[in-house]
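Visitor: File name work-v2.cif; file contents mmCIF, N, CA and C atoms; full text below.
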data_upload
#
loop_
_atom_site.group_PDB
_atom_site.id
_atom_site.type_symbol
_atom_site.label_atom_id
_atom_site.label_comp_id
_atom_site.auth_asym_id
_atom_site.auth_seq_id
_atom_site.Cartn_x
_atom_site.Cartn_y
_atom_site.Cartn_z
ATOM 1 N N MET A 1 66.584 111.204 235.821
ATOM 2 C CA MET A 1 67.132 112.513 235.543
ATOM 3 C C MET A 1 66.072 113.325 234.792
ATOM 4 N N GLU A 2 65.925 114.550 235.204
ATOM 5 C CA GLU A 2 64.951 115.435 234.555
ATOM 6 C C GLU A 2 65.417 115.823 233.163
ATOM 7 N N LYS A 3 64.454 116.076 232.281
ATOM 8 C CA LYS A 3 64.780 116.613 230.959
ATOM 9 C C LYS A 3 65.007 118.107 231.099
ATOM 10 N N ILE A 4 65.798 118.656 230.196
ATOM 11 C CA ILE A 4 66.084 120.078 230.217
ATOM 12 C C ILE A 4 65.977 120.618 228.797
ATOM 13 N N ASP A 5 65.358 121.785 228.657
ATOM 14 C CA ASP A 5 65.207 122.348 227.314
ATOM 15 C C ASP A 5 66.540 122.936 226.849
ATOM 16 N N ILE A 6 66.638 123.195 225.561
ATOM 17 C CA ILE A 6 67.895 123.609 224.945
ATOM 18 C C ILE A 6 68.398 124.939 225.506
ATOM 19 N N LYS A 7 67.503 125.872 225.806
ATOM 20 C CA LYS A 7 67.911 127.162 226.358
ATOM 21 C C LYS A 7 68.576 126.976 227.720
ATOM 22 N N ASN A 8 67.938 126.201 228.574
ATOM 23 C CA ASN A 8 68.509 125.936 229.898
ATOM 24 C C ASN A 8 69.775 125.096 229.812
ATOM 25 N N LEU A 9 69.834 124.216 228.831
ATOM 26 C CA LEU A 9 71.024 123.398 228.634
ATOM 27 C C LEU A 9 72.225 124.279 228.291
ATOM 28 N N LYS A 10 71.999 125.263 227.421
ATOM 29 C CA LYS A 10 73.080 126.184 227.054
ATOM 30 C C LYS A 10 73.506 127.031 228.254
ATOM 31 N N GLU A 11 72.543 127.490 229.042
ATOM 32 C CA GLU A 11 72.865 128.273 230.236
ATOM 33 C C GLU A 11 73.652 127.424 231.238
ATOM 34 N N MET A 12 73.274 126.169 231.345
ATOM 35 C CA MET A 12 73.969 125.254 232.256
ATOM 36 C C MET A 12 75.406 125.028 231.788
ATOM 37 N N ALA A 13 75.593 124.860 230.491
ATOM 38 C CA ALA A 13 76.938 124.678 229.941
ATOM 39 C C ALA A 13 77.793 125.916 230.199
ATOM 40 N N ASN A 14 77.212 127.086 230.018
ATOM 41 C CA ASN A 14 77.945 128.333 230.291
ATOM 42 C C ASN A 14 78.311 128.429 231.767
ATOM 43 N N PHE A 15 77.389 128.051 232.640
ATOM 44 C CA PHE A 15 77.644 128.083 234.080
ATOM 45 C C PHE A 15 78.825 127.187 234.435
ATOM 46 N N PHE A 16 78.808 125.951 233.966
ATOM 47 C CA PHE A 16 79.888 125.023 234.291
ATOM 48 C C PHE A 16 81.211 125.437 233.653
ATOM 49 N N SER A 17 81.149 126.112 232.511
ATOM 50 C CA SER A 17 82.390 126.548 231.867
ATOM 51 C C SER A 17 83.125 127.587 232.711
ATOM 52 N N LEU A 18 82.405 128.268 233.586
ATOM 53 C CA LEU A 18 83.051 129.248 234.464
ATOM 54 C C LEU A 18 84.083 128.594 235.371
ATOM 55 N N PHE A 19 83.922 127.325 235.654
ATOM 56 C CA PHE A 19 84.827 126.614 236.553
ATOM 57 C C PHE A 19 85.913 125.843 235.803
ATOM 58 N N SER A 20 85.987 126.037 234.490
ATOM 59 C CA SER A 20 86.972 125.310 233.691
ATOM 60 C C SER A 20 88.333 126.003 233.669
ATOM 61 N N ASP A 21 88.396 127.217 234.172
ATOM 62 C CA ASP A 21 89.650 127.954 234.227
ATOM 63 C C ASP A 21 90.238 127.813 235.634
ATOM 64 N N ALA A 22 91.480 127.327 235.723
ATOM 65 C CA ALA A 22 92.092 127.057 237.034
ATOM 66 C C ALA A 22 92.222 128.331 237.873
ATOM 67 N N THR A 23 92.532 129.450 237.258
ATOM 68 C CA THR A 23 92.651 130.707 238.007
ATOM 69 C C THR A 23 91.306 131.109 238.599
ATOM 70 N N ARG A 24 90.259 131.031 237.792
ATOM 71 C CA ARG A 24 88.913 131.365 238.282
ATOM 72 C C ARG A 24 88.520 130.431 239.410
ATOM 73 N N LEU A 25 88.822 129.158 239.255
ATOM 74 C CA LEU A 25 88.477 128.177 240.280
ATOM 75 C C LEU A 25 89.219 128.470 241.585
ATOM 76 N N LYS A 26 90.490 128.825 241.496
ATOM 77 C CA LYS A 26 91.253 129.211 242.690
ATOM 78 C C LYS A 26 90.599 130.399 243.388
ATOM 79 N N ILE A 27 90.186 131.374 242.609
ATOM 80 C CA ILE A 27 89.561 132.572 243.173
ATOM 81 C C ILE A 27 88.250 132.216 243.858
ATOM 82 N N VAL A 28 87.429 131.422 243.208
ATOM 83 C CA VAL A 28 86.144 131.020 243.786
ATOM 84 C C VAL A 28 86.359 130.270 245.098
ATOM 85 N N ILE A 29 87.278 129.326 245.107
ATOM 86 C CA ILE A 29 87.552 128.560 246.327
ATOM 87 C C ILE A 29 88.090 129.473 247.421
ATOM 88 N N PHE A 30 88.964 130.404 247.061
ATOM 89 C CA PHE A 30 89.477 131.353 248.040
ATOM 90 C C PHE A 30 88.342 132.171 248.658
ATOM 91 N N LEU A 31 87.449 132.686 247.816
ATOM 92 C CA LEU A 31 86.326 133.481 248.324
ATOM 93 C C LEU A 31 85.412 132.646 249.219
ATOM 94 N N LEU A 32 85.167 131.417 248.839
ATOM 95 C CA LEU A 32 84.333 130.544 249.663
ATOM 96 C C LEU A 32 84.977 130.282 251.015
ATOM 97 N N ASN A 33 86.287 130.083 251.034
ATOM 98 C CA ASN A 33 86.999 129.779 252.275
ATOM 99 C C ASN A 33 87.263 131.001 253.139
ATOM 100 N N SER A 34 87.296 132.174 252.529
ATOM 101 C CA SER A 34 87.663 133.374 253.287
ATOM 102 C C SER A 34 86.581 133.777 254.282
ATOM 103 N N GLY A 35 85.340 133.530 253.944
ATOM 104 C CA GLY A 35 84.249 133.878 254.846
ATOM 105 C C GLY A 35 83.985 135.372 254.955
ATOM 106 N N GLU A 36 84.639 136.160 254.120
ATOM 107 C CA GLU A 36 84.427 137.603 254.137
ATOM 108 C C GLU A 36 84.576 138.154 252.727
ATOM 109 N N ALA A 37 84.091 139.366 252.534
ATOM 110 C CA ALA A 37 84.259 140.035 251.252
ATOM 111 C C ALA A 37 85.722 140.414 251.087
ATOM 112 N N CYS A 38 86.259 140.210 249.893
ATOM 113 C CA CYS A 38 87.685 140.457 249.651
ATOM 114 C C CYS A 38 87.877 141.355 248.443
ATOM 115 N N CYS A 39 88.898 142.205 248.517
ATOM 116 C CA CYS A 39 89.250 143.058 247.390
ATOM 117 C C CYS A 39 90.251 142.322 246.492
ATOM 118 N N VAL A 40 90.421 142.826 245.291
ATOM 119 C CA VAL A 40 91.321 142.210 244.317
ATOM 120 C C VAL A 40 92.732 142.110 244.878
ATOM 121 N N ASN A 41 93.179 143.136 245.575
ATOM 122 C CA ASN A 41 94.525 143.130 246.143
ATOM 123 C C ASN A 41 94.716 141.954 247.100
ATOM 124 N N LYS A 42 93.761 141.739 247.985
ATOM 125 C CA LYS A 42 93.852 140.634 248.947
ATOM 126 C C LYS A 42 93.848 139.282 248.232
ATOM 127 N N ILE A 43 92.990 139.157 247.229
ATOM 128 C CA ILE A 43 92.906 137.902 246.466
ATOM 129 C C ILE A 43 94.225 137.642 245.737
ATOM 130 N N SER A 44 94.744 138.667 245.072
ATOM 131 C CA SER A 44 95.973 138.481 244.296
ATOM 132 C C SER A 44 97.157 138.144 245.203
ATOM 133 N N GLU A 45 97.251 138.799 246.357
ATOM 134 C CA GLU A 45 98.336 138.498 247.293
ATOM 135 C C GLU A 45 98.213 137.075 247.847
ATOM 136 N N ALA A 46 97.025 136.692 248.235
ATOM 137 C CA ALA A 46 96.814 135.371 248.836
ATOM 138 C C ALA A 46 97.100 134.236 247.855
ATOM 139 N N LEU A 47 96.789 134.470 246.581
ATOM 140 C CA LEU A 47 96.929 133.406 245.589
ATOM 141 C C LEU A 47 98.197 133.524 244.747
ATOM 142 N N GLY A 48 98.957 134.595 244.961
ATOM 143 C CA GLY A 48 100.180 134.777 244.188
ATOM 144 C C GLY A 48 99.920 135.086 242.723
ATOM 145 N N LEU A 49 98.849 135.797 242.462
ATOM 146 C CA LEU A 49 98.474 136.166 241.094
ATOM 147 C C LEU A 49 98.625 137.670 240.927
ATOM 148 N N ASN A 50 98.820 138.126 239.687
ATOM 149 C CA ASN A 50 98.907 139.569 239.495
ATOM 150 C C ASN A 50 97.504 140.189 239.479
ATOM 151 N N GLN A 51 97.440 141.431 239.877
ATOM 152 C CA GLN A 51 96.144 142.101 240.016
ATOM 153 C C GLN A 51 95.345 142.184 238.719
ATOM 154 N N PRO A 52 95.978 142.494 237.576
ATOM 155 C CA PRO A 52 95.184 142.527 236.339
ATOM 156 C C PRO A 52 94.511 141.188 236.015
ATOM 157 N N ALA A 53 95.222 140.087 236.286
ATOM 158 C CA ALA A 53 94.639 138.759 236.025
ATOM 159 C C ALA A 53 93.442 138.516 236.934
ATOM 160 N N VAL A 54 93.565 138.878 238.203
ATOM 161 C CA VAL A 54 92.457 138.701 239.144
ATOM 162 C C VAL A 54 91.292 139.596 238.751
ATOM 163 N N SER A 55 91.575 140.842 238.405
ATOM 164 C CA SER A 55 90.508 141.774 237.995
ATOM 165 C C SER A 55 89.744 141.247 236.789
ATOM 166 N N GLN A 56 90.467 140.693 235.833
ATOM 167 C CA GLN A 56 89.827 140.143 234.636
ATOM 168 C C GLN A 56 88.900 138.975 235.002
ATOM 169 N N GLN A 57 89.381 138.088 235.866
ATOM 170 C CA GLN A 57 88.560 136.948 236.271
ATOM 171 C C GLN A 57 87.355 137.395 237.100
ATOM 172 N N MET A 58 87.540 138.419 237.936
ATOM 173 C CA MET A 58 86.423 138.923 238.735
ATOM 174 C C MET A 58 85.346 139.518 237.843
ATOM 175 N N ARG A 59 85.755 140.177 236.773
ATOM 176 C CA ARG A 59 84.777 140.729 235.825
ATOM 177 C C ARG A 59 83.947 139.612 235.201
ATOM 178 N N ILE A 60 84.597 138.535 234.824
ATOM 179 C CA ILE A 60 83.887 137.393 234.230
ATOM 180 C C ILE A 60 82.918 136.793 235.251
ATOM 181 N N LEU A 61 83.388 136.602 236.479
ATOM 182 C CA LEU A 61 82.529 136.027 237.521
ATOM 183 C C LEU A 61 81.376 136.966 237.882
ATOM 184 N N ARG A 62 81.645 138.258 237.897
ATOM 185 C CA ARG A 62 80.598 139.239 238.206
ATOM 186 C C ARG A 62 79.544 139.263 237.098
ATOM 187 N N ASN A 63 79.982 139.271 235.850
ATOM 188 C CA ASN A 63 79.045 139.284 234.722
ATOM 189 C C ASN A 63 78.184 138.028 234.673
ATOM 190 N N ALA A 64 78.725 136.937 235.184
ATOM 191 C CA ALA A 64 77.983 135.671 235.199
ATOM 192 C C ALA A 64 77.078 135.544 236.423
ATOM 193 N N GLY A 65 77.189 136.476 237.361
ATOM 194 C CA GLY A 65 76.352 136.425 238.557
ATOM 195 C C GLY A 65 76.881 135.503 239.647
ATOM 196 N N ILE A 66 78.119 135.066 239.522
ATOM 197 C CA ILE A 66 78.720 134.184 240.524
ATOM 198 C C ILE A 66 79.155 134.981 241.748
ATOM 199 N N VAL A 67 79.678 136.174 241.507
ATOM 200 C CA VAL A 67 80.079 137.047 242.602
ATOM 201 C C VAL A 67 79.286 138.348 242.551
ATOM 202 N N THR A 68 79.200 138.960 243.696
ATOM 203 C CA THR A 68 78.631 140.292 243.809
ATOM 204 C C THR A 68 79.684 141.162 244.472
ATOM 205 N N TYR A 69 79.497 142.454 244.375
ATOM 206 C CA TYR A 69 80.496 143.334 244.963
ATOM 207 C C TYR A 69 79.837 144.502 245.664
ATOM 208 N N ARG A 70 80.614 145.109 246.543
ATOM 209 C CA ARG A 70 80.195 146.359 247.172
ATOM 210 C C ARG A 70 81.417 147.261 247.245
ATOM 211 N N ARG A 71 81.169 148.515 247.048
ATOM 212 C CA ARG A 71 82.254 149.498 247.081
ATOM 213 C C ARG A 71 82.411 150.032 248.499
ATOM 214 N N GLU A 72 83.644 150.042 248.979
ATOM 215 C CA GLU A 72 83.981 150.628 250.274
ATOM 216 C C GLU A 72 85.119 151.610 250.033
ATOM 217 N N GLY A 73 84.771 152.877 249.875
ATOM 218 C CA GLY A 73 85.781 153.873 249.544
ATOM 219 C C GLY A 73 86.367 153.578 248.181
ATOM 220 N N LYS A 74 87.690 153.422 248.124
ATOM 221 C CA LYS A 74 88.328 153.128 246.838
ATOM 222 C C LYS A 74 88.421 151.629 246.553
ATOM 223 N N PHE A 75 87.969 150.802 247.491
ATOM 224 C CA PHE A 75 88.045 149.354 247.327
ATOM 225 C C PHE A 75 86.708 148.772 246.894
ATOM 226 N N ILE A 76 86.788 147.727 246.090
ATOM 227 C CA ILE A 76 85.612 146.939 245.716
ATOM 228 C C ILE A 76 85.822 145.567 246.340
ATOM 229 N N ARG A 77 84.875 145.136 247.144
ATOM 230 C CA ARG A 77 84.980 143.862 247.853
ATOM 231 C C ARG A 77 83.990 142.870 247.233
ATOM 232 N N TYR A 78 84.487 141.673 246.979
ATOM 233 C CA TYR A 78 83.718 140.636 246.300
ATOM 234 C C TYR A 78 83.339 139.504 247.247
ATOM 235 N N THR A 79 82.153 138.961 247.022
ATOM 236 C CA THR A 79 81.706 137.757 247.712
ATOM 237 C C THR A 79 80.988 136.859 246.701
ATOM 238 N N ILE A 80 80.889 135.587 247.036
ATOM 239 C CA ILE A 80 80.127 134.647 246.200
ATOM 240 C C ILE A 80 78.643 134.957 246.407
ATOM 241 N N SER A 81 77.922 135.123 245.310
ATOM 242 C CA SER A 81 76.513 135.492 245.420
ATOM 243 C C SER A 81 75.560 134.343 245.134
ATOM 244 N N ASP A 82 76.032 133.332 244.450
ATOM 245 C CA ASP A 82 75.179 132.218 244.067
ATOM 246 C C ASP A 82 75.342 131.097 245.095
ATOM 247 N N PRO A 83 74.283 130.774 245.847
ATOM 248 C CA PRO A 83 74.408 129.763 246.908
ATOM 249 C C PRO A 83 74.729 128.358 246.390
ATOM 250 N N PHE A 84 74.471 128.094 245.133
ATOM 251 C CA PHE A 84 74.749 126.769 244.591
ATOM 252 C C PHE A 84 76.232 126.563 244.311
ATOM 253 N N VAL A 85 76.985 127.653 244.206
ATOM 254 C CA VAL A 85 78.405 127.532 243.892
ATOM 255 C C VAL A 85 79.136 126.724 244.955
ATOM 256 N N LYS A 86 78.863 126.994 246.213
ATOM 257 C CA LYS A 86 79.532 126.270 247.299
ATOM 258 C C LYS A 86 79.252 124.769 247.193
ATOM 259 N N GLU A 87 78.003 124.419 246.931
ATOM 260 C CA GLU A 87 77.640 123.002 246.806
ATOM 261 C C GLU A 87 78.358 122.342 245.639
ATOM 262 N N ILE A 88 78.391 123.031 244.512
ATOM 263 C CA ILE A 88 79.016 122.474 243.313
ATOM 264 C C ILE A 88 80.513 122.286 243.514
ATOM 265 N N ILE A 89 81.159 123.277 244.094
ATOM 266 C CA ILE A 89 82.602 123.182 244.342
ATOM 267 C C ILE A 89 82.883 122.060 245.341
ATOM 268 N N GLN A 90 82.065 121.946 246.380
ATOM 269 C CA GLN A 90 82.269 120.881 247.369
ATOM 270 C C GLN A 90 82.095 119.504 246.738
ATOM 271 N N ILE A 91 81.125 119.367 245.850
ATOM 272 C CA ILE A 91 80.949 118.089 245.142
ATOM 273 C C ILE A 91 82.193 117.772 244.325
ATOM 274 N N GLY A 92 82.736 118.782 243.633
ATOM 275 C CA GLY A 92 83.958 118.583 242.853
ATOM 276 C C GLY A 92 85.128 118.180 243.724
ATOM 277 N N ILE A 93 85.285 118.855 244.862
ATOM 278 C CA ILE A 93 86.378 118.519 245.791
ATOM 279 C C ILE A 93 86.215 117.089 246.293
ATOM 280 N N ASN A 94 85.012 116.733 246.679
ATOM 281 C CA ASN A 94 84.750 115.366 247.174
ATOM 282 C C ASN A 94 85.037 114.317 246.108
ATOM 283 N N ARG A 95 84.688 114.639 244.878
ATOM 284 C CA ARG A 95 84.915 113.720 243.772
ATOM 285 C C ARG A 95 86.386 113.405 243.617
ATOM 286 N N PHE A 96 87.219 114.429 243.705
ATOM 287 C CA PHE A 96 88.642 114.216 243.492
ATOM 288 C C PHE A 96 89.358 113.719 244.727
ATOM 289 N N LYS A 97 88.762 113.872 245.895
ATOM 290 C CA LYS A 97 89.306 113.244 247.095
ATOM 291 C C LYS A 97 89.126 111.734 246.996
ATOM 292 N N GLU A 98 87.970 111.312 246.472
ATOM 293 C CA GLU A 98 87.667 109.879 246.346
ATOM 294 C C GLU A 98 88.568 109.192 245.337
ATOM 295 N N VAL A 99 88.961 109.895 244.300
ATOM 296 C CA VAL A 99 89.769 109.305 243.237
ATOM 297 C C VAL A 99 91.162 108.985 243.743
ATOM 298 N N LYS A 100 91.693 109.797 244.633
ATOM 299 C CA LYS A 100 93.088 109.599 245.082
ATOM 300 C C LYS A 100 93.224 108.564 246.142
#
Could I get this file's structure written as structure tokens?

Guide:
Amino acid sequence: MEKIDIKNLKEMANFFSLFSDATRLKIVIFLLNSGEACCVNKISEALGLNQPAVSQQMRILRNAGIVTYRREGKFIRYTISDPFVKEIIQIGINRFKEVK
């Protein structure tokens, strides 16, 4: 295993903490599975969450660089921007498939 300096270690801890919230994790998995850019309304309807909760989580994910967005008229559409997110989530899914 490679050594990591304290600055990168803290950044890594912050990155992984983004997936510690079940709502955020649901949103990330939904975006990965959707295959298209989605607005908050579509995400909230699909996951049965209220729009303010989804908007709050999207802000956190956007500030962390996990998602990117583009404006289309009055809608803001989000996609996963970090290519490592899909790999990390898939590893997590595989891990818990093996446990059961």

Visitor: What's around range 11-22 of chain A at 8 Å? Count only N, CA and C atoms, leave out sequence neighbours fewer than 5 positions away in its own chain, and write the answer as number ranges by chain.

Guide: A: 5-6, 27-28, 60-61, 64

Visitor: Between A:Arg77, A:Lys3, A:Arg62, A:Arg71, which has the minimum distance to Ala37 in chain A (counting all atoms listed in the file)?

Guide: A:Arg77

Visitor: Do you have the atom N of Gln90 in chain A-atom C of Phe75 in chain A distance handy?

Guide: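 Going from atom N of Gln90 in chain A over to atom C of Phe75 in chain A, I get 27.2 Å.
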
Visitor: As a PyMOL selection string, please: all residues of chain A that backbone DSSP puts in helix (DSSP H, G or I).

Guide: chain A and resi 6-17+22-34+40-47+51-63+83-99

Visitor: Which of these residues is nearest to Val40 in chain A, using all atoms listed in the file: A:Leu25, A:Ile4, A:Ile76, A:Ala53?

Guide: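 Result for the nearest residue to Val40 in chain A: A:Ile76.
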
Visitor: How would you write, as JSON, numbers by chain, the set of residues in chain A that DSSP gives as strand (DSSP E)?

Guide: {"A": [38, 39, 67, 68, 69, 70, 71, 72, 75, 76, 77, 78, 79, 80]}
